[in-house]
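Trainee: Here you go, one structure.
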Amino acid sequence: MSRKVIIDCDPGIDDAVALMIALFDPRLDVLAVTSTAGNVNADQAFTNLQALIECLDPPRRPRIAMGPGPLSAPPVDSTFLHGSDGLGEIHLEVAKLHQTHSAEKLISDECRAFPEAVTILCLGPMTNIANCLQRDPSFASHVGQVVIMGGSVNGIGNVTPCAEFNCHFDAESARRVLHSKTTKTVVPLDITSQVMFGIDLLEHIPKGDSRVSQLLNQILPFSFRSHRRHLAQEGISLDDAVALIALLQPELFESVPMAGDVETQGDLTLGATIFDRRTVKTWTNNMEVITTVDVAGVRDSILRGIIQAAKATI
Ligand code: RIB
Ligand code: CA
């Protein structure tokens, strides 16, 4: 029995890789994919999502919907890592849809249709999920599980010295989601940043002109160049793909219950995730947090997922 999932994302190169793997994995039934602002603005994120689904043409087409993004976002820009279009400057063309569905309505409807059976995989800022919680107080009781790529346990951020991008970009929504009565598993930057890929990743992309191989050959070289140029890194992380593997193969990870929250006011600390790890803590545990990862195992799973998706799109 395949697992019902909704993928909420801000494509984004690593979002795109996670989507390619998920859409062709028989263990998943991707009911819907929704976009949110983050790596790129809300319009571009939805254009990218629509273009990816059209280009990949998965056997079971998920429903798609657009999220508006937060009412206000900090002045951050990750297009230097993902390209001005969010997908490595490939600027995929799409036909304008006559009607664009609302992400929060689609997510709410699907979770209500399959009570406690849907896993929401959050790969971007948590604006849409927070909007669902605000829109419908019973939403939390309908959701099965929320798997979140976000936050940082060791306090080291990526977009600021202490905040991870998805939590920083919409800290209010991250706080609302982490405070909610949903069952949450957080895959923090401490974990996802351990799974690095060298330039040899390009050699693992199946030869030939499958739709997935073509897409990967277009978007990944940009990511290697931008990581080298802007982060002085000879390699890339695919944070969102790691979060997907945490959903697919939890046996490759260890997690512990933790009590966590998100800073929403700090000038220097906006979006920082704070965890109560005192011997005698007063905060109540509100999530599972991934604390260890089988790096080689996850890297291998991502490579196998890419190969499987490429074979399915010849
Ligand atoms: O901090 C990494 C996360 O922020 C990833 O989801 C990346 O795509 C960006 O959204
Ligand atoms: Ca993302």
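Simple scheme: letters A, B, ... for chains in structure tokens order, numbers from 1 for residues in each chain, numbers from 1 for ligands in the order shown.
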Taking only C-alpha atoms and all ligand atoms into account, list the residues no farther than 7 Å from ligand 1, as a count of residues only.
Mentor: 20
Trainee: I need the residues of stretch 111-175 of chain A that end up classed as helix (DSSP H, G or I) by DSSP on the backbone, written out as a list in words.
Mentor: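 DSSP-assigned helix (DSSP H, G or I) residues in stretch 111-175 of chain A: Cys111, Arg112, Ala113, Thr127, Asn128, Ile129, Ala130, Asn131, Cys132, Leu133, Gln134, Arg135, Phe139, Ala140, Ser141, His142, Phe165, Asn166, Cys167, His168, Phe169, Ala171, Glu172, Ser173, Ala174 and Arg175 of chain A.
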Trainee: Which residue, A:Leu268, A:Leu19, A:Leu220, A:Ala259, has the smallest gap to ligand 2 when you use only C-alpha atoms and all ligand atoms?
Mentor: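 The shortest atom-to-atom distance to ligand 2 comes from A:Leu19.
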Trainee: Give me the residues within 12 Å of A:Ser301 as a list of chain:residue names, counting only C-alpha atoms and dropping any in the same chain fewer than 3 places off.
Mentor: A:Ala18, A:Ile21, A:Ala22, A:Asp25, A:Val195, A:Ala241, A:Val242, A:Ala243, A:Leu244, A:Ile245, A:Ala246, A:Leu247, A:Leu248, A:Gln249, A:Pro250, A:Glu251, A:Leu252, A:Asp294, A:Val295, A:Ala296, A:Gly297, A:Val298, A:Arg304, A:Gly305, A:Ile306, A:Ile307, A:Gln308
Trainee: With DSSP run on the backbone, what are the strand (DSSP E) residues within stretch 267-297 of chain A? I'd like them as a PyMOL selection string.
Mentor: chain A and resi 273-275+287-293
Trainee: As a VMD selection string, please: the residues near A:Pro257 (cut-off 12 Å, only C-alpha atoms, same-chain neighbours under 5 positions excluded).
Mentor: chain A and resid 183 to 186 275 to 277 283 to 291
Trainee: Just write the chosen residues, all heavy atoms, as a short mmCIF file (atom, residue, chain, number, x, y, z; two decimals), in the first residue's frame.
Mentor:
```
data_model
loop_
_atom_site.label_atom_id
_atom_site.label_comp_id
_atom_site.auth_asym_id
_atom_site.auth_seq_id
_atom_site.Cartn_x
_atom_site.Cartn_y
_atom_site.Cartn_z
N THR A 183 1.56 15.74 14.26
CA THR A 183 2.71 14.87 14.54
C THR A 183 3.84 15.26 13.59
O THR A 183 3.69 15.10 12.37
CB THR A 183 2.31 13.40 14.31
OG1 THR A 183 1.21 13.09 15.16
CG2 THR A 183 3.49 12.48 14.61
N LYS A 184 4.90 15.80 14.18
CA LYS A 184 5.95 16.40 13.33
C LYS A 184 7.27 15.66 13.45
O LYS A 184 7.69 15.26 14.54
CB LYS A 184 6.17 17.86 13.77
CG LYS A 184 4.96 18.75 13.61
CD LYS A 184 5.15 20.07 14.31
CE LYS A 184 4.99 19.98 15.81
NZ LYS A 184 3.62 19.74 16.29
N THR A 185 7.94 15.52 12.32
CA THR A 185 9.34 15.07 12.30
C THR A 185 10.16 16.15 11.60
O THR A 185 9.86 16.49 10.44
CB THR A 185 9.51 13.74 11.56
OG1 THR A 185 8.76 12.73 12.25
CG2 THR A 185 10.98 13.32 11.51
N VAL A 186 11.14 16.69 12.31
CA VAL A 186 11.96 17.77 11.73
C VAL A 186 13.30 17.20 11.28
O VAL A 186 13.97 16.46 12.03
CB VAL A 186 12.18 18.89 12.78
CG1 VAL A 186 13.24 19.89 12.31
CG2 VAL A 186 10.84 19.61 13.05
N PHE A 275 15.88 24.84 21.13
CA PHE A 275 15.42 23.59 21.74
C PHE A 275 15.78 23.59 23.23
O PHE A 275 16.88 24.02 23.60
CB PHE A 275 16.08 22.40 21.03
CG PHE A 275 15.64 22.26 19.59
CD1 PHE A 275 16.35 22.90 18.57
CD2 PHE A 275 14.50 21.54 19.25
CE1 PHE A 275 15.95 22.80 17.24
CE2 PHE A 275 14.09 21.43 17.92
CZ PHE A 275 14.82 22.07 16.92
N ASP A 276 14.84 23.12 24.05
CA ASP A 276 15.06 23.09 25.50
C ASP A 276 15.77 21.77 25.84
O ASP A 276 15.15 20.73 25.88
CB ASP A 276 13.71 23.17 26.24
CG ASP A 276 13.93 23.33 27.76
OD1 ASP A 276 15.09 23.17 28.20
OD2 ASP A 276 12.94 23.60 28.47
N ARG A 277 17.06 21.85 26.07
CA ARG A 277 17.85 20.64 26.35
C ARG A 277 18.44 20.69 27.75
O ARG A 277 19.42 20.00 28.06
CB ARG A 277 18.95 20.49 25.29
CG ARG A 277 18.37 20.14 23.90
CD ARG A 277 19.45 20.08 22.86
NE ARG A 277 19.87 21.43 22.47
CZ ARG A 277 20.84 21.66 21.58
NH1 ARG A 277 21.52 20.64 21.07
NH2 ARG A 277 21.16 22.88 21.24
N TRP A 283 9.94 23.25 28.89
CA TRP A 283 9.17 23.17 27.65
C TRP A 283 8.70 21.74 27.44
O TRP A 283 9.37 20.79 27.87
CB TRP A 283 10.00 23.59 26.45
CG TRP A 283 10.39 25.04 26.41
CD1 TRP A 283 10.14 25.99 27.37
CD2 TRP A 283 11.08 25.72 25.35
NE1 TRP A 283 10.66 27.20 26.98
CE2 TRP A 283 11.22 27.06 25.74
CE3 TRP A 283 11.59 25.31 24.11
CZ2 TRP A 283 11.87 28.00 24.93
CZ3 TRP A 283 12.23 26.25 23.29
CH2 TRP A 283 12.35 27.57 23.71
N THR A 284 7.56 21.59 26.76
CA THR A 284 7.00 20.26 26.50
C THR A 284 7.44 19.75 25.13
O THR A 284 7.41 20.52 24.15
CB THR A 284 5.46 20.34 26.54
OG1 THR A 284 5.08 20.89 27.80
CG2 THR A 284 4.83 18.95 26.37
N ASN A 285 7.82 18.49 25.05
CA ASN A 285 8.20 17.92 23.75
C ASN A 285 7.07 18.12 22.74
O ASN A 285 5.90 17.85 23.05
CB ASN A 285 8.50 16.43 23.90
CG ASN A 285 9.80 16.18 24.64
OD1 ASN A 285 10.62 17.09 24.80
ND2 ASN A 285 10.00 14.95 25.10
N ASN A 286 7.42 18.61 21.54
CA ASN A 286 6.38 18.87 20.52
C ASN A 286 6.78 18.38 19.13
O ASN A 286 6.11 18.70 18.15
CB ASN A 286 6.04 20.36 20.47
CG ASN A 286 7.28 21.23 20.20
OD1 ASN A 286 8.41 20.83 20.46
ND2 ASN A 286 7.07 22.42 19.64
N MET A 287 7.90 17.61 19.06
CA MET A 287 8.28 17.10 17.75
C MET A 287 9.33 16.00 17.90
O MET A 287 9.95 15.88 18.96
CB MET A 287 8.86 18.23 16.89
CG MET A 287 10.18 18.79 17.41
SD MET A 287 10.71 20.27 16.53
CE MET A 287 9.95 21.53 17.55
N GLU A 288 9.46 15.20 16.86
CA GLU A 288 10.61 14.29 16.73
C GLU A 288 11.65 15.05 15.91
O GLU A 288 11.31 15.70 14.90
CB GLU A 288 10.21 13.02 15.98
CG GLU A 288 9.48 11.98 16.81
CD GLU A 288 10.38 11.29 17.84
OE1 GLU A 288 11.53 10.95 17.51
OE2 GLU A 288 9.92 11.14 18.99
N VAL A 289 12.90 15.01 16.34
CA VAL A 289 13.97 15.66 15.57
C VAL A 289 15.00 14.61 15.18
O VAL A 289 15.45 13.81 16.02
CB VAL A 289 14.64 16.77 16.40
CG1 VAL A 289 15.77 17.43 15.60
CG2 VAL A 289 13.61 17.83 16.81
N ILE A 290 15.34 14.60 13.90
CA ILE A 290 16.36 13.66 13.42
C ILE A 290 17.71 14.10 14.00
O ILE A 290 18.08 15.27 13.91
CB ILE A 290 16.42 13.66 11.88
CG1 ILE A 290 15.07 13.32 11.27
CG2 ILE A 290 17.52 12.72 11.39
CD1 ILE A 290 14.68 11.86 11.35
N THR A 291 18.41 13.14 14.61
CA THR A 291 19.68 13.49 15.26
C THR A 291 20.89 12.78 14.65
O THR A 291 22.02 13.23 14.82
CB THR A 291 19.62 13.10 16.77
OG1 THR A 291 19.18 11.73 16.86
CG2 THR A 291 18.65 14.00 17.51
#
```
Trainee: Tell me which protein, DNA and RNA residues are within 12 Å of A:Thr47, counting only C-alpha atoms, leaving out same-chain ones fewer than 3 positions away, and put them as a VMD selection string.
Mentor: chain A and resid 10 to 12 34 to 37 40 to 44 50 to 55 64 to 67 85 to 87 91 to 97 100
Trainee: Pick out the closest residue to ligand 2 from this set: A:Leu238, A:Pro62, A:Arg3, A:Asp29. Count only C-alpha atoms and all ligand atoms.
Mentor: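 The shortest atom-to-atom distance to ligand 2 comes from A:Leu238.
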